[in-house]
4 protein chains.
Amino acid sequence: MKLQAPFFTFNPKSYFYGEKLLELAQKADTLAKKYPHLTILITAPYADLANIASHTQHIIVTAQHMDGIDPGRGMGAVLPASIYQAGTRAVFLNHAEHPLQLTALIQSMKKAKELGIKTIVCANSLEEARSIALLKPDVLLCEPTELIGTGQASDESYIQETNHAIKEIDPDIYILQAAGISTPEDVYRTLKLGADGTGCTSGITEADLPSQMLEEMIESVQRVYEEGKDGR
Amino acid sequence: MKLQAPFFTFNPKSYFYGEKLLELAQKADTLAKKYPHLTILITAPYADLANIASHTQHIIVTAQHMDGIDPGRGMGAVLPASIYQAGTRAVFLNHAEHPLQLTALIQSMKKAKELGIKTIVCANSLEEARSIALLKPDVLLCEPTELIGTGQASDESYIQETNHAIKEIDPDIYILQAAGISTPEDVYRTLKLGADGTGCTSGITEADLPSQMLEEMIESVQRVYEEGKDGR
Amino acid sequence: MKLQAPFFTFNPKSYFYGEKLLELAQKADTLAKKYPHLTILITAPYADLANIASHTQHIIVTAQHMDGIDPGRGMGAVLPASIYQAGTRAVFLNHAEHPLQLTALIQSMKKAKELGIKTIVCANSLEEARSIALLKPDVLLCEPTELIGTGQASDESYIQETNHAIKEIDPDIYILQAAGISTPEDVYRTLKLGADGTGCTSGITEADLPSQMLEEMIESVQRVYEEGKDGR
Amino acid sequence: MKLQAPFFTFNPKSYFYGEKLLELAQKADTLAKKYPHLTILITAPYADLANIASHTQHIIVTAQHMDGIDPGRGMGAVLPASIYQAGTRAVFLNHAEHPLQLTALIQSMKKAKELGIKTIVCANSLEEARSIALLKPDVLLCEPTELIGTGQASDESYIQETNHAIKEIDPDIYILQAAGISTPEDVYRTLKLGADGTGCTSGITEADLPSQMLEEMIESVQRVYEEGKDGR
């Protein structure tokens, strides 16, 4: 499964699991089949990964973290080989809720590369984003709190500044912009402003009809695609 | 599924996963069915839990750790509700390879109790074991490095001292003694010396025939059971 | 220097350092000399400990944490032997802003005992407090968020419940109650309700005249002492 | 005090403290006065920093770590403003014995810059070193375990490779090479091979006469300086 722009990431964190999460993943799978040019990633708690992977075919099942270890000791660690065999093909690393030591981040990225797991690495600041860009993640999620504005204009300059800072270091890294996405319009606007991908947590988990919101957001991504924007 | 003495814990840590681990779990399941008075627990990496639980009926599928969180945020955390729905019914906590802050340990134990997940809590010293005993774990694994002897005699006094220290605080806590178990004879002797349960990692994972070693060790537990020792 | 009830702890955390902190420490030292039956403890950032200790004689200079290590490796750790030779004679451990792994807490308490450093160990819940009480800290600071009331009545039952739970395990442990202390009256009332000691952070650091507030709070402790309460 | 090449770092970690450390620091201070073109840095446990700084004039007193916080909360943290007022003018960060989350490393470096504290940042691999180089540390200590050879030849290629990788990103960063330095000859050879600075822990702390070894190593640095090598 190829990770390409424009892509959409549904990251329900620990809000959803079990049946409820599976239903949304299957919905996303149907949409990914319908819109074959889009890449759709869905995260799941570790113990849900296998179940979701075995019931879907067109989405990239994504872990919320993994440790940079080989099979062996490591009691309690998240074993890359285990999540890979369960069907995981991408992983978030260094999320603000699970920050990593730099040495550990590098180790986890190395194992991901060995296994063929795509890396979505998070940064808290432009400085951190540039430092991570040198490590060649597949996707960089940069949400510099100091830059995030409230209006549309500031969003625009922020997205452009982030894009420029990262692509100057490595033009092959995809930029994921997902701050404050709560409507299908936010999805559309963010991609139009130059992000390679966008995504959502609470905008979907707290929607009255999560499945419908997921569908509408993905349709926004498709609309951007059809308007001729290829995300790069 | 009831956790009762004598019990046996196969903890392959991150050595095994996928098919290889499933085969051993199924072997254990067969033995657990054959010897209905024994409790057999098998740990698995998080992403393997569901697969093992859905292919076994008589063993207690056990996680290597879990965080004390409710569904919600907690990106990258091990969500108790997720591992429970996957079939997990016991969890190791505070293992020497994954030591916990005391506050976090208490929080994880609380969530385990709410969900009906048995807790196997590890201690590095008698002092730590007594402190943990007050928190009412289901099983206490105490491997005080300062006491572990090399000969059989010192093992005996160590096991008795541990038993006494814990049961004096709470007689309902099961004692798991698993230090240096590498043969079926070690399993037999340890239980005969008063442990409620015993277990093994490398003695099985590094055996020429892990499946056969697992079987022989469990047969040792059955032998103890049949000789009239009820483990309490 | 003896740690005995009633005692008062001024814990400026990282709010104060250098000259400003030294002045307050010297003020406290004058008061400790004037009221010889009171024990006054003052915490300081690590690099301030020596300076404060060398300019005071009657207060207990207290560290905000220390690691349970002997001289040797441990780059970046807080070396007990170093803070002891600098004049430190008490240490906070497991504060909510610096929670410790249980194994590490036990190790730090052991080093403190070896060197003659008094331990003030913090607990987040009654359950945690009882577990820590078994480890024989000199002082236990228990601030169970679930119990802290808003009115005086609930404070009273909370203090009594904490006292009972701890003293039942070990009557020799001093109880420090310091939640929400912002006036000299709070100091008086808390000690009258049965706490062995009380203390303050922001009530002093954010007062218009920190030095005067410190003095008035300590005078409240003296008033309790004179009214015949011996703190036990 | 200027940090310039060639420089020497004596990092006794937690091996020495108090009088013993002060004596060595004073010895180094005498040598730094005698050889004014050399920069000599000495680390100390936090509670020793003030004492060493107030008894020396020509060395750079160096902390083993600091947290990226402003005065405020942060119980138990290492407060930059406190170590600065104690006389600290450099700090190690991200040492293998105290690895930092990337976000925290950036925060600590920011505070160091604000206060005028030089940063010596450690990397475990060339990849990590390049990532850190983008953050503009004053000194980069790179000890890639995968590259460290046993013979002199491999040392040479390793030092050159490191130098090249870092200076290509930022030519202003000083390179500290300190792996396996145990004799004055090691000091001489390492600087001759192109390192801007070198340093030592156990080569001095475990020497029969630490003070003499310190002196001879610093004289080796002076010899390199006099032979016309300016370290850049």
# chains A, B, ... in the order shown; residues from 1 in each chain; ligands from 1

$ interface_residues --of "chain C" --to "chain D" --cutoff "7 Å" --atoms "only C-alpha atoms" --output "list in words"
Lys13, Ser14, Tyr15, Phe16, Tyr17, Gly18, Pro45, Tyr46, Ala47, Asp48, Leu49, Ala50, Gln64, His65, Pro71, Gly72, Arg73, Gly74, Met75, Gly76, Val78, Leu79, Ser82, Ile83, Gln85, Ala86, Glu97 and His98 of chain C

$ select_by_dssp --residues "range 13-165 of chain A" --states "strand (DSSP E or B)" --output "ChimeraX atom specification"
/A:14,39-44,60-63,72,90-93,101,118-123,139-142

$ write_last_selection --atoms "N, CA and C atoms" --output "CSV table (one decimal), in the first residue's frame"
chain,number,residue,atom,x,y,z
A,14,SER,N,-6.9,7.0,22.1
A,14,SER,CA,-7.5,6.0,23.0
A,14,SER,C,-9.0,6.2,23.2
A,39,THR,N,-4.8,8.2,0.0
A,39,THR,CA,-4.2,7.3,1.1
A,39,THR,C,-4.9,7.6,2.4
A,40,ILE,N,-5.5,6.6,3.0
A,40,ILE,CA,-6.2,6.8,4.3
A,40,ILE,C,-5.5,6.0,5.4
A,41,LEU,N,-5.1,6.7,6.5
A,41,LEU,CA,-4.4,6.0,7.6
A,41,LEU,C,-5.3,6.1,8.8
A,42,ILE,N,-5.4,5.0,9.5
A,42,ILE,CA,-6.2,5.0,10.8
A,42,ILE,C,-5.3,4.3,11.9
A,43,THR,N,-5.2,5.1,13.0
A,43,THR,CA,-4.5,4.5,14.1
A,43,THR,C,-5.4,3.7,15.0
A,44,ALA,N,-4.8,2.8,15.8
A,44,ALA,CA,-5.6,2.0,16.7
A,44,ALA,C,-4.8,1.6,17.9
A,60,ILE,N,-4.2,2.2,5.5
A,60,ILE,CA,-2.9,1.9,6.2
A,60,ILE,C,-3.2,1.8,7.7
A,61,VAL,N,-3.1,0.6,8.2
A,61,VAL,CA,-3.3,0.5,9.7
A,61,VAL,C,-2.1,1.0,10.4
A,62,THR,N,-2.3,1.9,11.3
A,62,THR,CA,-1.2,2.7,11.9
A,62,THR,C,-1.1,2.5,13.4
A,63,ALA,N,0.1,2.3,14.0
A,63,ALA,CA,0.2,2.2,15.4
A,63,ALA,C,0.5,3.6,16.0
A,72,GLY,N,13.3,-10.2,21.7
A,72,GLY,CA,14.3,-10.5,22.7
A,72,GLY,C,13.7,-10.1,24.1
A,90,ALA,N,2.2,1.6,9.3
A,90,ALA,CA,2.7,3.0,9.6
A,90,ALA,C,2.7,3.1,11.1
A,91,VAL,N,3.4,4.1,11.6
A,91,VAL,CA,3.5,4.3,13.0
A,91,VAL,C,3.7,5.8,13.3
A,92,PHE,N,3.0,6.3,14.3
A,92,PHE,CA,3.3,7.7,14.8
A,92,PHE,C,4.5,7.5,15.8
A,93,LEU,N,5.4,8.5,15.8
A,93,LEU,CA,6.5,8.6,16.8
A,93,LEU,C,6.6,10.0,17.3
A,101,GLN,N,13.0,10.1,23.7
A,101,GLN,CA,14.3,10.6,23.7
A,101,GLN,C,14.9,10.5,22.3
A,118,LYS,N,5.9,2.8,7.6
A,118,LYS,CA,6.1,4.2,7.4
A,118,LYS,C,6.1,5.0,8.7
A,119,THR,N,6.9,6.0,8.8
A,119,THR,CA,7.0,6.8,10.0
A,119,THR,C,6.3,8.2,9.9
A,120,ILE,N,5.5,8.5,10.8
A,120,ILE,CA,4.9,9.8,11.0
A,120,ILE,C,5.4,10.4,12.2
A,121,VAL,N,6.4,11.3,12.1
A,121,VAL,CA,7.1,11.8,13.3
A,121,VAL,C,6.6,13.2,13.6
A,122,CYS,N,6.3,13.4,14.9
A,122,CYS,CA,5.7,14.7,15.3
A,122,CYS,C,6.8,15.6,15.9
A,123,ALA,N,6.6,16.9,15.7
A,123,ALA,CA,7.5,18.0,16.2
A,123,ALA,C,6.7,19.1,16.9
A,139,VAL,N,6.6,11.0,7.0
A,139,VAL,CA,5.7,12.1,7.1
A,139,VAL,C,6.2,12.9,8.4
A,140,LEU,N,6.1,14.2,8.3
A,140,LEU,CA,6.4,15.0,9.5
A,140,LEU,C,5.1,15.8,9.9
A,141,LEU,N,4.8,15.7,11.1
A,141,LEU,CA,3.6,16.4,11.6
A,141,LEU,C,4.2,17.5,12.5
A,142,CYS,N,4.0,18.8,12.0
A,142,CYS,CA,4.6,19.9,12.8
A,142,CYS,C,3.5,20.8,13.3

$ select_by_dssp --residues "range 65-222 of chain D" --states "helix (DSSP H, G or I)" --output "ChimeraX atom specification"
/D:80-85,102-115,126-133,152-169,184-192,202-205,210-222
